[in-house]
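Notes follow once the structure below has been shown.
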Amino acid sequence: MNKKSDFHASAEQINKLKTVIEESRSVKGCLMHVLQEAQTIFGYLPIEVQTIIAEGLGISLSEVYGVATFYSQFSLTPKGKHRISICLGTACYVKGSDKILEEVQKVLGIACGECTEDGLFSIDSCRCVGACGLAPVMMIDNDVYGKLKPEMVKDILKKYTDKEANK
Amino acid sequence: MTIKELDDIRKKKEDLIKVRRLVKEEGEKLAKKTGYRKQVLVCGGTGCTSSHSMQVIKQLEESLKEYKIDDILIVKTGCFGLCALGPIMIVYPEGAFYAQMTPEHVKTVVEKHLVKGGDIVKDLLYQGTVKPNGDIIPFSDTPFYKKQMRIALRNCGVIAPEDIEEAIGAGDYAALEKVLTTMTPDDVINEMNASGLRGRGGAGFPTGRKWSFAKASQGDEKYVCCNADEGDPGAFMDRSVLEGDPHCVLEAMMIAGYAIGSNHGFIYVRAEYPVAVERLKIAIEQAKKYGLLGKNILGTGFDFDIEIRLGAGAFVCGEETALMTSIEGHRGEPRPRPPFPAVKGLFGKPTILNNVETWANVNPIIMNGAAWFSSIGTPTSSGTKVFALGGKITNVGLVEVPMGTTLREIVEEIGGGIPNGKKFKAAQTGGPSGGCIPAECIDTPIDYDSLISIGSMMGSGGMIILDEDTCMVDIAKFYLEFTADESCGKCTPCRIGTKRLLQLLTKITEGKGEPEDLVKIEELANHMKQSSLCALGQSAPNPVLSTMRYFRSEYLAHIVDKVCPAGVCKALLTYHIDEQKCKGCTICARNCPVNAISGQLKQAHKIDTSKCIKCGLCMANCKFGAIERM
Amino acid sequence: METKMINLKINGIPVSVPEGTTILEASRKAHIEIPTLCFLKDVNCVGSCRMCVVEATGARGLVAACVYPVAEGMEVRTNTEKCRQSRKMTLELFLSKHKKKCLSCERNHNCELQKLSLGYSVDEDRFKGEDFVLPIDTSTPYVVRDNDKCINCMRCVAACKKQNVNAIGPIGRGFNVHIGSAFDRPLAESPCVGCGQCIVACPVGALSEKSNVDEVWKALSDSSKKVIFYTAPSVRATLGEAFDLPIGTNVEGKMVAAIRRLNPYAVFNMDVTADLTIMEEASELINRIKTNKPLPMFTSCCPAWIKFIEQTYPEFIPHISTCKSPQQMFGALIKSYWCEKHDINPKDVFVVSVIPCTAKKYEAQREQMPDDVDVALTTRELARMIKTAGIKFTELPDEEFDNPFAVGSGAGTIFGATGGVMEAALRTAAHMLDGNFEVLDFFAVRGTKGIKEATYLVAGHTLHVAVVSGLDNARTLVEQIKSGEKSFDFVEVMSCPGGCVNGGGQPTLSDSVRNSVELKEARAKALYSSDNNNELRRSADSPVMTLLYEEFLGFPNSHKAHEILHTSYKAHKTI
């Protein structure tokens, strides 16, 4: 539940968040916007970040947390350097995207929603990225891979691990 | 901006746009007037972008430069509809429809076609536009486009959505001009009422009536909202409109604002639609710069502002009251109605909410009149409907057809039928709120009421085609997984009901179902329909109820015979090797991850079903078709 | 403006109600009760549990009566087969995800879910499925949350929100929604102040006070312990409810008799230390006024309010009266004066206060005064003990408290209602300032209004006073004082709306009662009539006060009084 937090933030990140809060606080119903910006700044929304938001906007932490846990876009845990997102929308599902997800999980040895130990990859499922013509699809960061077959997964992921190894 | 200035821009751009709507001679004539010998339109919608249409544009620019061609206009448009063939590139005035373009193909097209005196590269065209005798037909005459009628999508794939002048040239803001200068708010509402336009977001509530309620409500402030939180997984109609013609939505919201007495609009759009969000932002910025949004619009004294609010991944926020709660910055939980939003909506003020496609119909209704609009479609459902056609269908893409078009026309003609010679089994419409239409109903003319009568619903327009390899119990389970995951958790029937329903279906797909489970499912499903707080819970059982209605035998096969006829539900499958066909090549044994297959080289192999995990690798790898799934 | 009346029929019975009335409210006019779970008058009205579904003309499907407004000519049917089937299945769904440990549940026989399940003959095992099992939160000294019993009615969340404390809220989405504090941390780490309004709002056994009953039983059967009970002013006004007596019945005599039958060493009256609080507090106020110390002075009787100030407005700590609360004063007095007088080792004494409040359990453990009170029992816990002991409460004779702490003034008694402390203090302070000041009734500070303000002229001093109940109102007032918009000399704050009579430790009443009576008023009435019937109306006039100051304390705010009866506060931030 209350895992030890590994949260580290630079003063610059914190200031950026505070600026966002300052600019947004007069806008009616700005909490979601602030959370979205915070997630862009920090990658996720740990208690430290949500506390700053709660104090900055003058609302309770429990309300901030309630909103953060309601919307699937918000993450309370850090994500991988490369975010894999497998579309489980209907068009992709009927074309076997569940098998793609299974394969990605198998190759990386983690479950959907988790992050690999080296922090390189995290897997999530999503509902429709809008590339139904290419079903089944998966996204890695901003790249879309379409018309997938399970056996293609290994090679695609290898591209990323190789790139990292060469650094 | 004054009305005259708006008219001037329209005149300046009109011909340029018209070229893209005409073909052959007429277009060629007009093209001469525009100063551009040719126009090359490349789809910049999400579908084509995913298949790298941006590289196509880049290559096009480079190649044109290389050949020193400066009389060709490149236009990055929204979606052409035929997403399965992306990236798509169309060359006007000849209307050459190039499909599945790569940078290499672009080089060829520039070299052979776009240079002066060049000719169409037939091999790279969408082959549906090339007759067996080699003649090229206009793509509008191909089966995919021929039966379509583009009203909401009129400018998608025609204009550059990031250029407001193109939008104006294509007719956007003409309706706003007409409304502000020649119509009273009541005139507008009467026109909308007379058109018979019904909300395209799912429930099909008459748009004009909604507006008239909000007009009648007293309030110091009123709001106009646009629902662009297209949550149906596998539907992308609204996204395509926003990506292809964002200005038509802004214009329509202003018209509604004028009609009901509101000066403030909100667009609630999915954060998962980055391209749409970006284009909306650009559109709003440009509209403000041109004085088409903000204070004293077109010098008429009418003020209107629009804000974008991003969703954050909650299907329930497509429900109108949940959407408003979400804009207010809270957990997107629906509120009981009444009070209806028209009386007490966003921030407690009278509010109207329409979805993107509904808004996209406003301009044509104002411009062409209610009589014109209501002449299209069926008596109770006028106009057209956009569908996102997906699943087991050849022409995956976006189609717009008059209401009353039959499912058969969509599947067999527009959609090009089922690939791989498979049989059509059902069409799922309405997404997680809808149902499955079986083959026996394929000739049903589609409109709001007919779909409800056969146990489905229009929904926002997702249409997923299922073939014989689809298990209907599994599909029902898929949708229940979705709604259980997306239930907000506020009301009991939906919060617990979706979960229990899902558990019952899972039990059946695992071969543990009992006959009385069907009774339980039906009772629970009807309970949720009747007693849930909002439309999500009320419609969540539809996929189950409709599949049980039309495919009961498939449920019974799972429960009584413990088999999955479509061969999908793993727990109910067994693999075995046909001794006659097996050549003893050992490939299957080597591929089996759990060593469940044994046998000597060149002798028939056997699968130990107690070890088999039903992964299907053996079957996929057998070269002799010796492995069967039962 | 005249309210428009709407005519409708409920189960065929014509009723006429003002426009905007809900079907649920209107049905009462037809003498029909529609079952509810998530609805709680003045607290929660969201239409989410779907128990109150009815059929109404003009509506699609079934509608939730608690939120559905009536319309002219509407015909409502509340008891059709369709309604009953729907309610039954809703209950079956609830029960499929409810820890059905009913036998040992604190709310057995007093549980809304149980009551309805019986009425609708549900099959509690009809729907099964793997459920998530959440840990029981026992982190605070005052409340236990067992989320596996929770039915997500949100009444506790609404109660907390109404207090504007917002320590808890819904977490997650769909089936996984559960109630908790941010990041699922233990409640003890949240801004919870322990007011217990969530507990009295809970229709089931998901929330209960952390019971100290077993400790008290143990002490009672320990021959080396002298167990002392004393009861707070409001307990006598509410304890009877636990024995089905009408709301607002003063059961002081039976309460004393019942406790005495539990066999303690003595049963005392906390009105005595209420009087003592007034002596100290009134003197402190006068002193503050005369020496220009921080004003306004805030009362310090309510531990939830103290915790709230320490957490939320630490800059106002110097404004809080340093007086201990009556509960703590009593414990301190017993373990000093009374022990000395009877030559008893304080270690052999076991002090049990009976209070209407859950925060008092926290107060008893405050680091500034950990030894004053051994156990604080809520009214509910006392009722349970009486029942367990087999005492026929309603048949008991009336008995009196033990001496020397038997008699309190009427001023001490009204501590249990909002405005009571203020009125009690005014009676004494005014008299202290001006010996000829004989006014005893200060009507402007009575009543259940959330914020009351009044100005009195006493001996040339203009006293601006305010009385607030409910922490949301307290927050409003503090903000007004902070901004300089308002200024006062003396402010009474009670955390619970209506004061201690509506405290978080009071008996949980069934929804059908709570939703149809004005609880705070009815309970407070018992206290004011007791005050009215008391010959002793002013704390300073109490012979017990004379005795205490003469024999032990010297004079109000003396060094000794400070040592024993006053305390200090400490800022601690929570979020």
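Chain labels follow the order of the structure tokens: the first chain is A, the next B, and so on; residue numbering restarts at 1 in every chain, and ligands are counted from 1 in their shown order.
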Closest-contact table, chain A side, partner chain B, 10 Å, counting only C-alpha atoms, as CSV:
```
residue,atom,partner,partner_atom,distance
A:Val27,CA,B:Glu328,CA,9.8
A:Lys28,CA,B:Glu328,CA,6.6
A:Gly29,CA,B:Gly329,CA,4.0
A:Cys30,CA,B:Gly329,CA,5.8
A:Leu31,CA,B:Gly329,CA,5.2
A:Met32,CA,B:Gly329,CA,5.6
A:His33,CA,B:Leu310,CA,7.3
A:Val34,CA,B:Gly329,CA,9.8
A:Leu35,CA,B:Ala312,CA,9.7
A:Gln36,CA,B:Ala312,CA,8.0
A:Glu63,CA,B:His330,CA,8.2
A:Val64,CA,B:His330,CA,8.7
A:Tyr65,CA,B:Arg331,CA,9.9
A:Gly66,CA,B:Arg331,CA,6.9
A:Val67,CA,B:Arg331,CA,5.0
A:Ala68,CA,B:Arg331,CA,8.4
A:Thr69,CA,B:Arg331,CA,8.7
A:Phe70,CA,B:Arg331,CA,6.0
A:Tyr71,CA,B:Gly313,CA,5.3
A:Ser72,CA,B:Gly313,CA,5.1
A:Gln73,CA,B:Ala312,CA,5.1
A:Phe74,CA,B:Ala312,CA,7.2
A:Cys87,CA,B:Pro233,CA,9.1
A:Leu88,CA,B:Pro233,CA,7.8
A:Gly89,CA,B:Pro233,CA,4.4
A:Thr90,CA,B:Gly234,CA,5.2
A:Ala91,CA,B:Gly391,CA,4.7
A:Cys92,CA,B:Gly391,CA,7.2
A:Tyr93,CA,B:Gly391,CA,8.4
A:Val94,CA,B:Gly391,CA,6.1
A:Lys95,CA,B:Gly391,CA,6.7
A:Lys99,CA,B:Cys615,CA,9.9
A:Cys126,CA,B:Pro233,CA,9.0
A:Arg127,CA,B:Pro233,CA,5.2
A:Cys128,CA,B:Pro233,CA,5.2
A:Val129,CA,B:Glu272,CA,7.0
A:Gly130,CA,B:Phe236,CA,6.1
A:Ala131,CA,B:Gly47,CA,4.4
A:Cys132,CA,B:Gly390,CA,6.5
A:Gly133,CA,B:Ala84,CA,4.2
A:Leu134,CA,B:Ala84,CA,6.5
A:Ala135,CA,B:Gly391,CA,8.0
A:Pro136,CA,B:Gly391,CA,9.6
A:Val137,CA,B:Ser50,CA,9.7
A:Met139,CA,B:Ser50,CA,9.5
A:Asn142,CA,B:Ser50,CA,9.3
A:Asp143,CA,B:Ser50,CA,7.4
A:Val144,CA,B:Ser50,CA,5.5
A:Tyr145,CA,B:Ser50,CA,7.8
A:Gly146,CA,B:Ser51,CA,7.8
```
Written selection (N, CA and C atoms) as a short mmCIF file (atom, residue, chain, number, x, y, z; two decimals), in the first residue's frame:
```cif
data_model
loop_
_atom_site.label_atom_id
_atom_site.label_comp_id
_atom_site.auth_asym_id
_atom_site.auth_seq_id
_atom_site.Cartn_x
_atom_site.Cartn_y
_atom_site.Cartn_z
N VAL A 27 -9.01 29.16 -12.74
CA VAL A 27 -9.89 28.52 -13.72
C VAL A 27 -10.80 27.52 -13.02
N LYS A 28 -12.08 27.64 -13.27
CA LYS A 28 -13.04 26.72 -12.64
C LYS A 28 -12.76 25.28 -13.06
N GLY A 29 -12.66 24.40 -12.08
CA GLY A 29 -12.51 22.97 -12.40
C GLY A 29 -11.16 22.62 -12.99
N CYS A 30 -10.10 23.23 -12.48
CA CYS A 30 -8.78 23.08 -13.11
C CYS A 30 -8.02 21.84 -12.64
N LEU A 31 -8.54 21.11 -11.65
CA LEU A 31 -7.75 20.04 -11.04
C LEU A 31 -7.22 19.04 -12.07
N MET A 32 -8.10 18.61 -12.98
CA MET A 32 -7.65 17.61 -13.95
C MET A 32 -6.53 18.13 -14.82
N HIS A 33 -6.67 19.37 -15.21
CA HIS A 33 -5.64 19.98 -16.04
C HIS A 33 -4.30 20.00 -15.29
N VAL A 34 -4.36 20.37 -14.03
CA VAL A 34 -3.13 20.45 -13.23
C VAL A 34 -2.51 19.04 -13.08
N LEU A 35 -3.36 18.05 -12.85
CA LEU A 35 -2.84 16.68 -12.73
C LEU A 35 -2.19 16.24 -14.04
N GLN A 36 -2.83 16.60 -15.14
CA GLN A 36 -2.27 16.21 -16.44
C GLN A 36 -0.90 16.85 -16.66
N GLU A 63 -9.36 14.44 -2.00
CA GLU A 63 -10.11 14.74 -3.21
C GLU A 63 -9.20 14.61 -4.44
N VAL A 64 -7.98 15.11 -4.30
CA VAL A 64 -7.02 15.01 -5.41
C VAL A 64 -6.78 13.54 -5.74
N TYR A 65 -6.59 12.75 -4.69
CA TYR A 65 -6.31 11.32 -4.88
C TYR A 65 -7.53 10.62 -5.50
N GLY A 66 -8.71 11.01 -5.05
CA GLY A 66 -9.93 10.42 -5.60
C GLY A 66 -10.03 10.66 -7.10
N VAL A 67 -9.67 11.85 -7.53
CA VAL A 67 -9.71 12.16 -8.96
C VAL A 67 -8.60 11.41 -9.68
N ALA A 68 -7.41 11.40 -9.07
CA ALA A 68 -6.27 10.75 -9.72
C ALA A 68 -6.50 9.25 -9.90
N THR A 69 -7.25 8.64 -9.00
CA THR A 69 -7.48 7.19 -9.13
C THR A 69 -8.72 6.87 -9.95
N PHE A 70 -9.46 7.90 -10.33
CA PHE A 70 -10.68 7.65 -11.11
C PHE A 70 -10.35 7.50 -12.60
N TYR A 71 -9.42 8.31 -13.06
CA TYR A 71 -9.13 8.34 -14.49
C TYR A 71 -7.93 7.45 -14.80
N SER A 72 -8.10 6.58 -15.80
CA SER A 72 -7.04 5.60 -16.06
C SER A 72 -5.78 6.24 -16.61
N GLN A 73 -5.87 7.47 -17.08
CA GLN A 73 -4.69 8.11 -17.63
C GLN A 73 -3.64 8.43 -16.55
N PHE A 74 -4.10 8.63 -15.35
CA PHE A 74 -3.17 9.03 -14.30
C PHE A 74 -2.47 7.83 -13.69
N CYS A 87 -3.31 -1.90 -27.91
CA CYS A 87 -4.70 -1.51 -28.07
C CYS A 87 -5.61 -2.72 -27.86
N LEU A 88 -6.52 -2.59 -26.92
CA LEU A 88 -7.53 -3.64 -26.71
C LEU A 88 -8.91 -3.13 -27.09
N GLY A 89 -8.93 -2.17 -28.01
CA GLY A 89 -10.22 -1.73 -28.56
C GLY A 89 -10.83 -2.88 -29.34
N THR A 90 -12.11 -2.75 -29.64
CA THR A 90 -12.82 -3.88 -30.27
C THR A 90 -12.19 -4.30 -31.58
N ALA A 91 -11.87 -3.33 -32.42
CA ALA A 91 -11.35 -3.67 -33.74
C ALA A 91 -10.05 -4.46 -33.61
N CYS A 92 -9.23 -4.05 -32.66
CA CYS A 92 -7.97 -4.78 -32.46
C CYS A 92 -8.22 -6.12 -31.78
N TYR A 93 -9.17 -6.14 -30.85
CA TYR A 93 -9.42 -7.37 -30.10
C TYR A 93 -9.88 -8.48 -31.04
N VAL A 94 -10.84 -8.14 -31.92
CA VAL A 94 -11.32 -9.21 -32.80
C VAL A 94 -10.24 -9.66 -33.77
N LYS A 95 -9.19 -8.87 -33.89
CA LYS A 95 -8.08 -9.31 -34.73
C LYS A 95 -6.93 -9.85 -33.89
N LYS A 99 -3.60 -11.57 -27.93
CA LYS A 99 -2.44 -12.46 -28.09
C LYS A 99 -1.15 -11.65 -28.20
N CYS A 126 -4.66 -0.10 -23.87
CA CYS A 126 -5.44 1.11 -24.07
C CYS A 126 -6.65 0.78 -24.92
N ARG A 127 -7.55 1.72 -25.00
CA ARG A 127 -8.76 1.53 -25.79
C ARG A 127 -8.67 2.37 -27.04
N CYS A 128 -8.30 1.75 -28.13
CA CYS A 128 -8.35 2.41 -29.43
C CYS A 128 -7.40 3.60 -29.54
N VAL A 129 -6.36 3.42 -30.34
CA VAL A 129 -5.50 4.55 -30.63
C VAL A 129 -5.94 5.20 -31.93
N GLY A 130 -6.97 4.64 -32.54
CA GLY A 130 -7.53 5.25 -33.74
C GLY A 130 -6.89 4.75 -35.02
N ALA A 131 -6.11 3.70 -34.92
CA ALA A 131 -5.51 3.16 -36.13
C ALA A 131 -6.15 1.82 -36.45
N CYS A 132 -7.49 1.80 -36.44
CA CYS A 132 -8.22 0.54 -36.60
C CYS A 132 -7.89 -0.15 -37.93
N GLY A 133 -7.50 0.65 -38.91
CA GLY A 133 -7.16 0.07 -40.20
C GLY A 133 -5.92 -0.80 -40.12
N LEU A 134 -5.13 -0.62 -39.09
CA LEU A 134 -3.89 -1.38 -38.94
C LEU A 134 -4.01 -2.47 -37.89
N ALA A 135 -5.22 -2.72 -37.41
CA ALA A 135 -5.42 -3.63 -36.29
C ALA A 135 -4.81 -5.00 -36.56
N PRO A 136 -4.24 -5.64 -35.53
CA PRO A 136 -4.04 -5.14 -34.16
C PRO A 136 -2.80 -4.25 -34.06
N VAL A 137 -2.89 -3.24 -33.22
CA VAL A 137 -1.77 -2.33 -33.12
C VAL A 137 -1.24 -2.23 -31.69
N MET A 139 1.47 0.60 -29.50
CA MET A 139 2.28 1.81 -29.59
C MET A 139 3.46 1.66 -28.65
N ASN A 142 5.72 7.08 -29.16
CA ASN A 142 4.76 7.65 -30.12
C ASN A 142 4.69 6.88 -31.43
N ASP A 143 5.39 5.74 -31.48
CA ASP A 143 5.38 4.98 -32.73
C ASP A 143 4.30 3.92 -32.71
N VAL A 144 3.58 3.85 -33.83
CA VAL A 144 2.53 2.86 -33.94
C VAL A 144 3.04 1.67 -34.74
N TYR A 145 2.84 0.47 -34.20
CA TYR A 145 3.16 -0.75 -34.94
C TYR A 145 1.85 -1.47 -35.25
N GLY A 146 1.59 -1.63 -36.54
CA GLY A 146 0.29 -2.18 -36.91
C GLY A 146 0.40 -3.53 -37.58
#
```
Discussion item. Could you work out which residues of chain B fall inside 7 Å of chain C? Count only C-alpha atoms, and format the result as JSON, numbers by chain.
Written reply: {"B": [336, 338, 484, 485, 486, 487, 488, 489, 490, 491, 492, 493, 495, 496, 497, 499, 500, 503, 527, 530, 531, 533]}
Practice prompt. Figure out the distance between CA of Tyr258 in chain B and CA of Ser195 in chain B, please, to one decimal in Å.
Written response: 18.1 Å
Discussion item. Just checking: using only C-alpha atoms, which residue out of C:Ala474, C:Asp42, C:Met279, C:Ala411 ends up closest to Asn533 in chain C?
Written reply: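 The shortest atom-to-atom distance to Asn533 in chain C comes from C:Ala411.
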Worksheet item: Just asking: which residues within range 279-467 of chain B are alpha helix (DSSP H) according to DSSP, as a VMD selection string?
Response: chain B and resid 279 to 289 320 to 327 356 to 360 362 to 368 370 to 374 407 to 408 448 to 453
Worksheet entry | Test item: residues at most 7 Å from range 3-19 of chain B, only C-alpha atoms, excluding those fewer than 6 positions along its chain, as a list in words | Gly27, Leu30, Ala31, Thr34, Tyr92, Pro93, Ile159, Glu165, Glu166, Ile168, Gly169, Ala170 and Leu298 of chain B
Written file, previous selection with C-alpha atoms, as a CSV table (one decimal), in the first residue's frame:
```csv
chain,number,residue,atom,x,y,z
B,27,GLY,CA,-11.9,20.2,-62.3
B,30,LEU,CA,-11.2,25.3,-62.8
B,31,ALA,CA,-7.7,24.3,-61.8
B,34,THR,CA,-6.5,28.7,-59.3
B,92,TYR,CA,-6.3,16.6,-58.3
B,93,PRO,CA,-7.8,17.6,-60.7
B,159,ILE,CA,-9.4,20.8,-46.8
B,165,GLU,CA,-9.0,30.1,-44.9
B,166,GLU,CA,-9.4,26.7,-46.5
B,168,ILE,CA,-13.9,29.2,-45.0
B,169,GLY,CA,-13.4,28.5,-48.7
B,170,ALA,CA,-15.1,25.1,-48.1
B,298,LEU,CA,-18.5,39.6,-37.5
```
Practice prompt. Please run DSSP on the backbone and report, as a list in words, all residues within chain A that come out as strand (DSSP E or B).
Written response: His82, Arg83, Ile84, Ser85, Ile86, Cys87, Cys115, Phe121, Ser122, Ile123, Asp124, Ser125, Cys126, Met138, Met139, Ile140, Asp143, Val144 and Tyr145 of chain A
Find the residues of chain C in contact range of chain A, meaning any atom within 7 Å when counting only C-alpha atoms, and list them as an mmCIF file with N, CA and C atoms, in the first residue's frame.
```cif
data_model
loop_
_atom_site.group_PDB
_atom_site.id
_atom_site.type_symbol
_atom_site.label_atom_id
_atom_site.label_comp_id
_atom_site.auth_asym_id
_atom_site.auth_seq_id
_atom_site.Cartn_x
_atom_site.Cartn_y
_atom_site.Cartn_z
ATOM 1 N N ASN C 166 -12.768 16.427 4.976
ATOM 2 C CA ASN C 166 -12.364 15.679 3.787
ATOM 3 C C ASN C 166 -11.183 14.743 4.031
ATOM 4 N N ALA C 167 -11.247 14.029 5.121
ATOM 5 C CA ALA C 167 -10.176 13.076 5.414
ATOM 6 C C ALA C 167 -10.321 11.829 4.561
ATOM 7 N N ILE C 168 -11.554 11.546 4.163
ATOM 8 C CA ILE C 168 -11.788 10.331 3.386
ATOM 9 C C ILE C 168 -12.526 10.670 2.102
ATOM 10 N N GLY C 169 -12.415 9.758 1.157
ATOM 11 C CA GLY C 169 -13.120 9.941 -0.107
ATOM 12 C C GLY C 169 -13.135 8.637 -0.854
ATOM 13 N N PRO C 170 -13.886 8.609 -1.955
ATOM 14 C CA PRO C 170 -13.875 7.402 -2.780
ATOM 15 C C PRO C 170 -12.543 7.292 -3.506
ATOM 16 N N ILE C 171 -12.048 6.062 -3.597
ATOM 17 C CA ILE C 171 -10.776 5.813 -4.261
ATOM 18 C C ILE C 171 -11.005 4.794 -5.364
ATOM 19 N N GLY C 172 -10.409 5.027 -6.499
ATOM 20 C CA GLY C 172 -10.506 4.069 -7.589
ATOM 21 C C GLY C 172 -11.798 4.202 -8.348
ATOM 22 N N ARG C 173 -12.105 3.179 -9.143
ATOM 23 C CA ARG C 173 -13.260 3.268 -10.026
ATOM 24 C C ARG C 173 -13.965 1.921 -10.088
ATOM 25 N N SER C 181 -8.556 7.179 3.085
ATOM 26 C CA SER C 181 -7.884 8.467 2.993
ATOM 27 C C SER C 181 -6.882 8.406 1.848
ATOM 28 N N ALA C 182 -6.357 9.560 1.500
ATOM 29 C CA ALA C 182 -5.511 9.665 0.323
ATOM 30 C C ALA C 182 -4.373 8.653 0.363
ATOM 31 N N PHE C 183 -4.102 8.077 -0.782
ATOM 32 C CA PHE C 183 -3.044 7.079 -0.946
ATOM 33 C C PHE C 183 -3.253 5.870 -0.048
ATOM 34 N N ASP C 184 -4.510 5.636 0.308
ATOM 35 C CA ASP C 184 -4.859 4.483 1.145
ATOM 36 C C ASP C 184 -4.039 4.444 2.425
ATOM 37 N N ARG C 185 -3.630 5.594 2.874
ATOM 38 C CA ARG C 185 -2.872 5.624 4.124
ATOM 39 C C ARG C 185 -3.806 5.341 5.290
ATOM 40 N N ILE C 575 -2.053 16.279 5.942
ATOM 41 C CA ILE C 575 -2.737 16.591 4.684
ATOM 42 C C ILE C 575 -3.445 15.340 4.220
#
```
Item to complete: Tell me which protein, DNA and RNA residues are within 10 Å of Ile508 in chain B, counting only C-alpha atoms, leaving out same-chain ones fewer than 6 positions away, and put them as a PyMOL selection string.
Response: chain B and resi 473-474+477+502+514-515+517-518+555-560+562+564+569+571-572
Worksheet entry | Near-Ser63 in chain B list (9 Å; only C-alpha atoms; drop same-chain fewer than 6 positions) as a count of residues only | 5
Item to complete: For range 214-227 of chain B, please output as a ChimeraX atom specification all residues within 8 Å (counting only C-alpha atoms; exclusion window: fewer than 6 positions along the same chain).
Response: /B:253,256-257,259-269,318,320,323,342-343,346,349-356,359
Discussion item. Residues near Pro150 in chain A, anyone? I mean within 10 Å using only C-alpha atoms, not counting same-chain ones fewer than 3 positions away, as a PyMOL selection string.
Written reply: chain A and resi 96-104+153-154
Using C-alpha atoms, can you write the selected residues to a file as an mmCIF file, in the first residue's frame?
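Contents of again-v6.cif, freshly written:
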```
data_model
loop_
_atom_site.group_PDB
_atom_site.id
_atom_site.type_symbol
_atom_site.label_atom_id
_atom_site.label_comp_id
_atom_site.auth_asym_id
_atom_site.auth_seq_id
_atom_site.Cartn_x
_atom_site.Cartn_y
_atom_site.Cartn_z
ATOM 1 C CA GLY A 96 -6.219 -10.893 -31.841
ATOM 2 C CA SER A 97 -4.605 -8.048 -29.906
ATOM 3 C CA ASP A 98 -5.006 -10.057 -26.689
ATOM 4 C CA LYS A 99 -2.435 -12.455 -28.090
ATOM 5 C CA ILE A 100 -0.088 -9.567 -28.804
ATOM 6 C CA LEU A 101 -0.447 -8.438 -25.200
ATOM 7 C CA GLU A 102 0.244 -11.966 -23.978
ATOM 8 C CA GLU A 103 3.371 -12.124 -26.086
ATOM 9 C CA VAL A 104 4.690 -8.758 -24.897
ATOM 10 C CA VAL A 153 6.896 -8.726 -30.986
ATOM 11 C CA LYS A 154 10.338 -10.015 -30.081
#
```
